[in-house]
file entry.tsv (TSV, C-alpha atoms)
chain	number	residue	atom	x	y	z
N	1	ASP	CA	-25.89	6.72	-12.15
N	2	GLU	CA	-24.60	6.35	-15.67
N	3	PHE	CA	-24.41	10.12	-16.18
N	4	LEU	CA	-22.47	10.61	-12.94
N	5	PHE	CA	-20.10	7.76	-13.75
N	6	LYS	CA	-19.38	9.02	-17.24
N	7	ASN	CA	-18.84	12.57	-15.96
N	8	LEU	CA	-16.77	11.73	-12.88
N	9	ASP	CA	-13.57	13.11	-14.42
N	10	TYR	CA	-15.33	16.43	-15.01
N	11	ILE	CA	-16.58	16.49	-11.39
N	12	ASN	CA	-13.04	15.70	-10.18
N	13	ASN	CA	-11.86	18.93	-11.79
N	14	TYR	CA	-13.73	20.71	-9.00
N	15	VAL	CA	-13.48	18.21	-6.13
N	16	ASN	CA	-10.45	15.91	-6.03
N	17	ASN	CA	-11.12	12.19	-5.53
N	18	VAL	CA	-14.83	12.75	-4.92
N	19	LEU	CA	-16.88	9.74	-3.83
N	20	LEU	CA	-20.55	9.95	-4.82
N	21	ILE	CA	-23.06	7.92	-2.80
N	22	ARG	CA	-26.77	8.11	-3.49
N	23	PHE	CA	-29.80	6.19	-2.24
N	24	TYR	CA	-33.05	5.84	-4.15
N	25	GLN	CA	-36.19	3.75	-4.64
N	26	PHE	CA	-38.19	2.80	-7.71
N	27	SER	CA	-41.75	4.07	-8.17
N	28	ASN	CA	-42.82	1.15	-10.40
N	29	ASN	CA	-42.25	-2.59	-10.54
N	30	THR	CA	-38.95	-2.62	-12.38
N	31	ILE	CA	-36.30	-5.12	-13.44
N	32	THR	CA	-32.79	-3.84	-14.06
N	33	ILE	CA	-30.69	-6.24	-16.06
N	34	GLY	CA	-26.92	-6.42	-16.29
N	35	LYS	CA	-25.15	-4.58	-19.08
N	36	LEU	CA	-24.39	-7.75	-21.06
N	37	GLN	CA	-27.25	-9.90	-19.79
N	38	LYS	CA	-29.43	-11.53	-22.41
N	39	ILE	CA	-33.20	-11.42	-22.08
N	40	ASP	CA	-35.59	-13.42	-24.23
N	41	GLN	CA	-39.30	-13.27	-24.94
N	42	GLU	CA	-40.11	-16.00	-22.41
N	43	ILE	CA	-38.62	-13.91	-19.60
N	44	ILE	CA	-40.46	-10.82	-20.84
N	45	ASN	CA	-43.75	-12.74	-20.98
N	46	LYS	CA	-43.32	-13.94	-17.38
N	47	ASN	CA	-42.65	-10.38	-16.19
N	48	ARG	CA	-45.23	-8.35	-18.07
N	49	ASN	CA	-46.08	-6.26	-15.00
N	50	TYR	CA	-42.47	-5.02	-14.74
N	51	LEU	CA	-40.66	-2.24	-16.55
N	52	ILE	CA	-37.28	-3.45	-17.82
N	53	ALA	CA	-34.14	-1.31	-17.96
N	54	THR	CA	-30.46	-2.05	-18.56
N	55	ARG	CA	-27.91	-1.08	-15.90
N	56	ILE	CA	-24.42	0.24	-16.58
N	57	THR	CA	-23.08	-2.56	-14.35
N	58	GLY	CA	-23.05	-6.29	-15.04
N	59	ARG	CA	-24.30	-9.47	-13.37
N	60	ASN	CA	-27.87	-10.69	-13.31
N	61	ALA	CA	-31.29	-9.07	-13.08
N	62	ILE	CA	-32.61	-7.34	-9.96
N	63	TYR	CA	-36.31	-7.03	-9.22
N	64	HIS	CA	-37.19	-3.64	-7.70
N	65	LEU	CA	-40.51	-3.41	-5.88
N	66	PRO	CA	-41.85	0.13	-5.36
N	67	LYS	CA	-41.20	1.46	-1.85
N	68	LYS	CA	-40.28	-2.01	-0.57
N	69	ASP	CA	-36.55	-2.12	-1.13
N	70	LEU	CA	-33.66	0.34	-1.24
N	71	THR	CA	-31.10	0.86	-3.97
N	72	PHE	CA	-27.82	2.72	-3.66
N	73	SER	CA	-24.88	3.53	-5.89
N	74	VAL	CA	-21.27	4.45	-5.16
N	75	ILE	CA	-19.18	6.20	-7.81
N	76	GLY	CA	-15.58	7.23	-7.35
N	77	ASN	CA	-11.90	6.75	-7.99
N	78	THR	CA	-10.39	3.35	-7.21
N	79	ILE	CA	-7.16	4.87	-5.82
N	80	ILE	CA	-8.29	5.03	-2.20
N	81	PHE	CA	-9.45	1.40	-2.23
N	82	ARG	CA	-6.26	0.24	-3.90
N	83	LYS	CA	-4.34	1.87	-1.02
N	84	ILE	CA	-6.20	-0.03	1.70
N	85	ASN	CA	-6.26	-3.34	-0.19
N	86	PHE	CA	-3.38	-4.83	1.80
N	87	ASN	CA	-3.69	-8.38	0.47
N	88	LYS	CA	-3.81	-7.17	-3.13
N	89	GLU	CA	-7.12	-8.90	-3.78
N	90	ASN	CA	-8.95	-8.41	-7.03
N	91	ILE	CA	-10.02	-4.76	-6.66
N	92	LEU	CA	-13.54	-5.53	-7.89
N	93	ASN	CA	-14.04	-8.15	-5.17
N	94	PHE	CA	-12.40	-5.92	-2.56
N	95	ILE	CA	-14.80	-3.03	-3.20
N	96	HIS	CA	-17.76	-5.45	-3.19
N	97	GLN	CA	-16.73	-6.79	0.21
N	98	PHE	CA	-15.98	-3.34	1.66
N	99	PHE	CA	-19.50	-2.08	0.96
N	100	ASN	CA	-21.15	-5.36	1.95
N	101	LYS	CA	-19.41	-4.97	5.31
N	102	THR	CA	-20.63	-1.38	5.55
N	103	VAL	CA	-24.23	-2.49	4.90
N	104	LYS	CA	-23.89	-5.34	7.39
N	105	ASP	CA	-22.49	-3.03	10.09
N	106	ALA	CA	-25.33	-0.55	9.50
N	107	LEU	CA	-28.01	-3.25	9.76
N	108	THR	CA	-26.37	-4.80	12.82
N	109	SER	CA	-26.33	-1.41	14.57
N	110	LEU	CA	-30.10	-1.31	13.96
N	111	ASP	CA	-30.51	-4.67	15.75
N	112	ILE	CA	-30.91	-6.76	12.61
N	113	LYS	CA	-28.95	-9.98	13.03
N	114	LEU	CA	-27.77	-11.40	9.72
N	115	ASP	CA	-26.83	-15.00	9.00
N	116	ASN	CA	-23.25	-15.98	9.73
N	117	LYS	CA	-22.80	-17.84	6.47
N	118	LEU	CA	-24.58	-18.77	3.27
N	119	GLU	CA	-26.68	-21.88	3.55
N	120	SER	CA	-29.27	-23.32	1.19
N	121	LEU	CA	-30.95	-20.19	-0.14
N	122	ILE	CA	-34.49	-20.12	-1.45
N	123	THR	CA	-35.43	-17.08	-3.51
N	124	VAL	CA	-39.11	-16.24	-3.63
N	125	GLU	CA	-40.40	-13.26	-5.59
N	126	ASN	CA	-44.02	-12.34	-4.87
N	127	ASN	CA	-44.35	-15.64	-2.94
N	128	LYS	CA	-43.77	-17.73	-6.09
N	129	LYS	CA	-40.89	-20.16	-6.47
N	130	THR	CA	-38.72	-19.32	-9.43
N	131	ASP	CA	-38.20	-21.90	-12.17
N	132	GLU	CA	-34.69	-22.84	-13.30
N	133	LYS	CA	-34.53	-20.29	-16.11
N	134	LEU	CA	-35.75	-17.45	-13.90
N	135	LYS	CA	-33.35	-18.58	-11.19
N	136	LYS	CA	-30.42	-18.08	-13.55
N	137	PHE	CA	-31.89	-14.72	-14.58
N	138	ASP	CA	-32.39	-13.38	-11.03
N	139	CYS	CA	-29.38	-11.96	-9.17
N	140	PHE	CA	-30.91	-12.82	-5.79
N	141	ALA	CA	-31.06	-16.51	-6.71
N	142	ASN	CA	-27.30	-16.57	-7.34
N	143	PRO	CA	-25.48	-15.50	-4.15
N	144	MET	CA	-21.73	-15.09	-3.90
N	145	SER	CA	-19.78	-16.21	-0.85
N	146	PHE	CA	-19.47	-12.75	0.74
N	147	GLU	CA	-23.03	-11.55	0.11
N	148	LEU	CA	-25.43	-10.91	2.98
N	149	THR	CA	-28.31	-13.21	3.93
N	150	TYR	CA	-31.16	-13.11	6.43
N	151	ASN	CA	-33.14	-16.25	7.32
N	152	ASN	CA	-31.37	-18.07	4.48
N	153	GLN	CA	-32.39	-15.52	1.87
N	154	LYS	CA	-29.98	-13.22	0.08
N	155	ILE	CA	-30.92	-9.65	0.98
N	156	VAL	CA	-28.23	-7.59	-0.77
N	157	GLY	CA	-27.30	-7.82	-4.43
N	158	SER	CA	-24.55	-5.70	-5.94
N	159	ALA	CA	-22.76	-5.23	-9.23
N	160	ILE	CA	-19.70	-3.20	-10.11
N	161	LYS	CA	-18.05	-1.74	-13.19
N	162	ILE	CA	-14.44	-0.56	-13.27
N	163	SER	CA	-13.12	1.59	-16.09
N	164	SER	CA	-9.57	2.91	-15.93
N	165	ASN	CA	-9.22	4.28	-12.37
N	166	LYS	CA	-12.91	4.84	-11.63
N	167	PHE	CA	-15.70	2.52	-10.53
N	168	ILE	CA	-19.42	2.39	-10.03
N	169	LEU	CA	-21.10	0.00	-7.60
N	170	GLN	CA	-24.87	-0.45	-7.71
N	171	ALA	CA	-26.56	-2.37	-4.90
N	172	ASN	CA	-30.06	-3.30	-3.84
N	173	ILE	CA	-31.24	-4.12	-0.31
N	174	LYS	CA	-34.39	-6.23	-0.03
N	175	LEU	CA	-35.87	-4.62	3.09
N	176	TYR	CA	-39.15	-6.54	2.71
N	177	LEU	CA	-37.28	-9.87	2.95
N	178	ILE	CA	-36.12	-8.82	6.42
N	179	ASN	CA	-39.43	-7.35	7.52
N	180	ASN	CA	-42.15	-5.56	5.55
N	181	SER	CA	-42.33	-2.91	8.26
N	182	LEU	CA	-38.76	-1.76	7.48
N	183	ALA	CA	-39.73	-0.29	4.10
N	184	ASN	CA	-40.68	3.08	5.55
N	185	PRO	CA	-38.99	6.51	5.48
N	186	ASP	CA	-38.16	6.47	9.19
N	187	PHE	CA	-36.18	3.21	9.03
N	188	ILE	CA	-34.59	4.11	5.70
N	189	ASN	CA	-33.35	7.45	7.08
N	190	LYS	CA	-31.92	5.68	10.15
N	191	PHE	CA	-30.23	3.11	7.93
N	192	ILE	CA	-28.68	5.78	5.68
N	193	GLU	CA	-27.36	7.61	8.74
N	194	LYS	CA	-25.83	4.39	10.11
N	195	PHE	CA	-24.46	3.54	6.66
N	196	TYR	CA	-22.49	6.80	6.49
N	197	ILE	CA	-21.24	6.43	10.07
N	198	ASN	CA	-20.00	2.88	9.43
N	199	PHE	CA	-18.61	3.79	6.02
N	200	TYR	CA	-16.40	6.52	7.50
N	201	GLU	CA	-15.38	4.31	10.43
N	202	ASN	CA	-14.41	1.42	8.14
N	203	LEU	CA	-12.57	3.75	5.79
N	204	ASN	CA	-10.72	5.59	8.56
N	205	ASN	CA	-9.76	2.33	10.27
N	206	SER	CA	-8.38	1.01	7.00
N	207	LEU	CA	-6.52	4.24	6.27
N	208	ASN	CA	-5.02	4.22	9.77
N	209	LEU	CA	-3.78	0.68	9.18
N	210	PHE	CA	-2.40	1.80	5.85
N	211	HIS	CA	-0.45	4.63	7.49
N	212	LEU	CA	0.78	2.26	10.22
N	213	SER	CA	2.08	-0.15	7.61
N	214	LEU	CA	3.99	2.68	5.95
N	215	THR	CA	5.69	3.72	9.21
N	216	SER	CA	6.41	0.26	10.61

call {"tool": "encode", "arguments": {"input": "entry.tsv", "output": "structure tokens"}}
result
Amino acid sequence: DEFLFKNLDYINNYVNNVLLIRFYQFSNNTITIGKLQKIDQEIINKNRNYLIATRITGRNAIYHLPKKDLTFSVIGNTIIFRKINFNKENILNFIHQFFNKTVKDALTSLDIKLDNKLESLITVENNKKTDEKLKKFDCFANPMSFELTYNNQKIVGSAIKISSNKFILQANIKLYLINNSLANPDFINKFIEKFYINFYENLNNSLNLFHLSLTS
């Protein structure tokens, strides 16, 4: 992710305004921490069975369980999203919400009904309640208003970095919090297919509205 983000300008020399989307899983218990997030020995001691790596993006830590969740990244130029941001929202929040909607639409099309709003969320990792310090450390214990939940648990965590006119969004979907049976290649392939379909539909709908606003 970091290599692609840093070399996006070079890639754009060959493909104008390219948007890179990739899906992947971790092969080991891993914690990725935000670029500026602090981690102390107490946290390390409580997570000795996890590898720890620093992300290029910010926000709090994400626990990645091997073959139980799904991570994706989106890297591209902000120009297209600035065009369809009619209300001139903070571009960081706008991109967050655009891709949360895309994930929600993909899951909904696979008959997974998400919560309508955030309620009192309880984050449980490995069936253990997190203490206050770990709660502040864990991204999934600190939901934002537009993030997706299922049965009162946050299921998608995302972080974004914007530099000049390019951005990288990194997101994690906790498939096992929806249903353990979803963490299999068949479902993941179906989800990725639906993700791309809904991404292009949402983008095209927004671009059509943008063109309408120019002609009206």

call {"tool": "residues_around", "arguments": {"input": "entry.tsv", "residues": "Ile39 of chain N", "least_positions_apart": "5", "cutoff": "10 Å", "atoms": "only C-alpha atoms", "output": "list in words"}}
result
Ile33, Gly34, Ile44, Ile52, Ala61 and Phe137 of chain N

call {"tool": "atom_distance", "arguments": {"input": "entry.tsv", "atom1": "atom CA of Gln97 of chain N", "atom2": "atom CA of Lys83 of chain N"}}
result
15.2 Å

call {"tool": "axis_aligned_box", "arguments": {"input": "entry.tsv", "around": "segment 170-174 of chain N", "padding_each_side": "5 Å", "output": "AutoDock Vina command-line options"}}
result
--center_x -29.6 --center_y -3.3 --center_z -3.9 --size_x 19.5 --size_y 15.8 --size_z 17.7

call {"tool": "residues_around", "arguments": {"input": "entry.tsv", "residues": "Ile91 of chain N", "least_positions_apart": "5", "cutoff": "12 Å", "atoms": "all atoms listed in the file", "output": "ChimeraX atom specification"}}
result
/N:77-86,96-98,160-163,165-167

call {"tool": "atom_distance", "arguments": {"input": "entry.tsv", "atom1": "atom CA of Asn90 of chain N", "atom2": "atom CA of Asn204 of chain N"}}
result
21.0 Å

call {"tool": "decode", "arguments": {"input": "entry.tsv", "residues": "segment 49-71 of chain N", "atoms": "N, CA, C and O atoms", "output": "JSON list (two decimals), in the first residue's frame"}}
result
[["chain", "number", "residue", "atom", "x", "y", "z"],
["N", 49, "ASN", "N", 0.84, -12.40, 21.23],
["N", 49, "ASN", "CA", 0.62, -13.35, 20.14],
["N", 49, "ASN", "C", 0.30, -12.66, 18.82],
["N", 49, "ASN", "O", -0.12, -13.30, 17.86],
["N", 50, "TYR", "N", 0.49, -11.33, 18.76],
["N", 50, "TYR", "CA", 0.25, -10.57, 17.54],
["N", 50, "TYR", "C", 1.54, -9.95, 17.02],
["N", 50, "TYR", "O", 2.37, -9.45, 17.80],
["N", 51, "LEU", "N", 1.72, -9.98, 15.70],
["N", 51, "LEU", "CA", 2.73, -9.14, 15.07],
["N", 51, "LEU", "C", 2.20, -7.71, 15.06],
["N", 51, "LEU", "O", 0.99, -7.50, 14.95],
["N", 52, "ILE", "N", 3.08, -6.73, 15.14],
["N", 52, "ILE", "CA", 2.66, -5.33, 15.16],
["N", 52, "ILE", "C", 3.35, -4.57, 14.04],
["N", 52, "ILE", "O", 4.58, -4.65, 13.89],
["N", 53, "ALA", "N", 2.58, -3.87, 13.24],
["N", 53, "ALA", "CA", 3.13, -3.09, 12.12],
["N", 53, "ALA", "C", 2.46, -1.72, 12.10],
["N", 53, "ALA", "O", 1.32, -1.56, 12.56],
["N", 54, "THR", "N", 3.17, -0.73, 11.57],
["N", 54, "THR", "CA", 2.63, 0.63, 11.47],
["N", 54, "THR", "C", 2.09, 0.87, 10.07],
["N", 54, "THR", "O", 2.77, 0.60, 9.08],
["N", 55, "ARG", "N", 0.85, 1.38, 10.00],
["N", 55, "ARG", "CA", 0.24, 1.72, 8.72],
["N", 55, "ARG", "C", 0.70, 3.08, 8.25],
["N", 55, "ARG", "O", 1.17, 3.91, 9.04],
["N", 56, "ILE", "N", 0.48, 3.36, 6.96],
["N", 56, "ILE", "CA", 0.75, 4.69, 6.42],
["N", 56, "ILE", "C", -0.36, 5.66, 6.82],
["N", 56, "ILE", "O", -0.17, 6.87, 6.86],
["N", 57, "THR", "N", -1.55, 5.13, 7.12],
["N", 57, "THR", "CA", -2.69, 5.95, 7.51],
["N", 57, "THR", "C", -2.74, 6.12, 9.02],
["N", 57, "THR", "O", -2.03, 5.44, 9.76],
["N", 58, "GLY", "N", -3.64, 6.98, 9.48],
["N", 58, "GLY", "CA", -3.73, 7.28, 10.90],
["N", 58, "GLY", "C", -4.79, 6.49, 11.62],
["N", 58, "GLY", "O", -5.10, 5.36, 11.27],
["N", 59, "ARG", "N", -5.35, 7.10, 12.66],
["N", 59, "ARG", "CA", -6.37, 6.52, 13.54],
["N", 59, "ARG", "C", -5.79, 5.40, 14.39],
["N", 59, "ARG", "O", -4.58, 5.25, 14.52],
["N", 60, "ASN", "N", -6.68, 4.62, 14.98],
["N", 60, "ASN", "CA", -6.28, 3.66, 15.99],
["N", 60, "ASN", "C", -5.95, 2.28, 15.41],
["N", 60, "ASN", "O", -6.11, 2.04, 14.22],
["N", 61, "ALA", "N", -5.57, 1.38, 16.31],
["N", 61, "ALA", "CA", -5.11, 0.05, 15.91],
["N", 61, "ALA", "C", -6.25, -0.81, 15.37],
["N", 61, "ALA", "O", -7.41, -0.70, 15.80],
["N", 62, "ILE", "N", -5.90, -1.70, 14.44],
["N", 62, "ILE", "CA", -6.83, -2.69, 13.91],
["N", 62, "ILE", "C", -6.24, -4.07, 14.12],
["N", 62, "ILE", "O", -5.08, -4.32, 13.78],
["N", 63, "TYR", "N", -7.05, -4.96, 14.70],
["N", 63, "TYR", "CA", -6.64, -6.35, 14.90],
["N", 63, "TYR", "C", -7.04, -7.15, 13.65],
["N", 63, "TYR", "O", -8.20, -7.17, 13.26],
["N", 64, "HIS", "N", -6.07, -7.81, 13.04],
["N", 64, "HIS", "CA", -6.31, -8.63, 11.85],
["N", 64, "HIS", "C", -6.15, -10.10, 12.24],
["N", 64, "HIS", "O", -5.08, -10.51, 12.69],
["N", 65, "LEU", "N", -7.22, -10.86, 12.08],
["N", 65, "LEU", "CA", -7.18, -12.29, 12.38],
["N", 65, "LEU", "C", -7.04, -13.06, 11.07],
["N", 65, "LEU", "O", -7.77, -12.80, 10.11],
["N", 66, "PRO", "N", -6.10, -14.00, 11.00],
["N", 66, "PRO", "CA", -5.82, -14.68, 9.73],
["N", 66, "PRO", "C", -7.04, -15.39, 9.15],
["N", 66, "PRO", "O", -7.68, -16.19, 9.85],
["N", 67, "LYS", "N", -7.35, -15.04, 7.91],
["N", 67, "LYS", "CA", -8.43, -15.68, 7.15],
["N", 67, "LYS", "C", -9.80, -15.53, 7.79],
["N", 67, "LYS", "O", -10.72, -16.30, 7.52],
["N", 68, "LYS", "N", -9.96, -14.50, 8.66],
["N", 68, "LYS", "CA", -11.26, -14.29, 9.29],
["N", 68, "LYS", "C", -11.85, -12.92, 8.96],
["N", 68, "LYS", "O", -13.02, -12.67, 9.24],
["N", 69, "ASP", "N", -11.03, -12.03, 8.44],
["N", 69, "ASP", "CA", -11.54, -10.72, 8.06],
["N", 69, "ASP", "C", -11.00, -10.39, 6.67],
["N", 69, "ASP", "O", -10.33, -11.21, 6.05],
["N", 70, "LEU", "N", -11.32, -9.21, 6.20],
["N", 70, "LEU", "CA", -10.91, -8.81, 4.85],
["N", 70, "LEU", "C", -10.47, -7.35, 4.89],
["N", 70, "LEU", "O", -11.17, -6.50, 5.43],
["N", 71, "THR", "N", -9.30, -7.09, 4.35],
["N", 71, "THR", "CA", -8.76, -5.74, 4.30],
["N", 71, "THR", "C", -8.73, -5.27, 2.85],
["N", 71, "THR", "O", -8.49, -6.07, 1.95]]
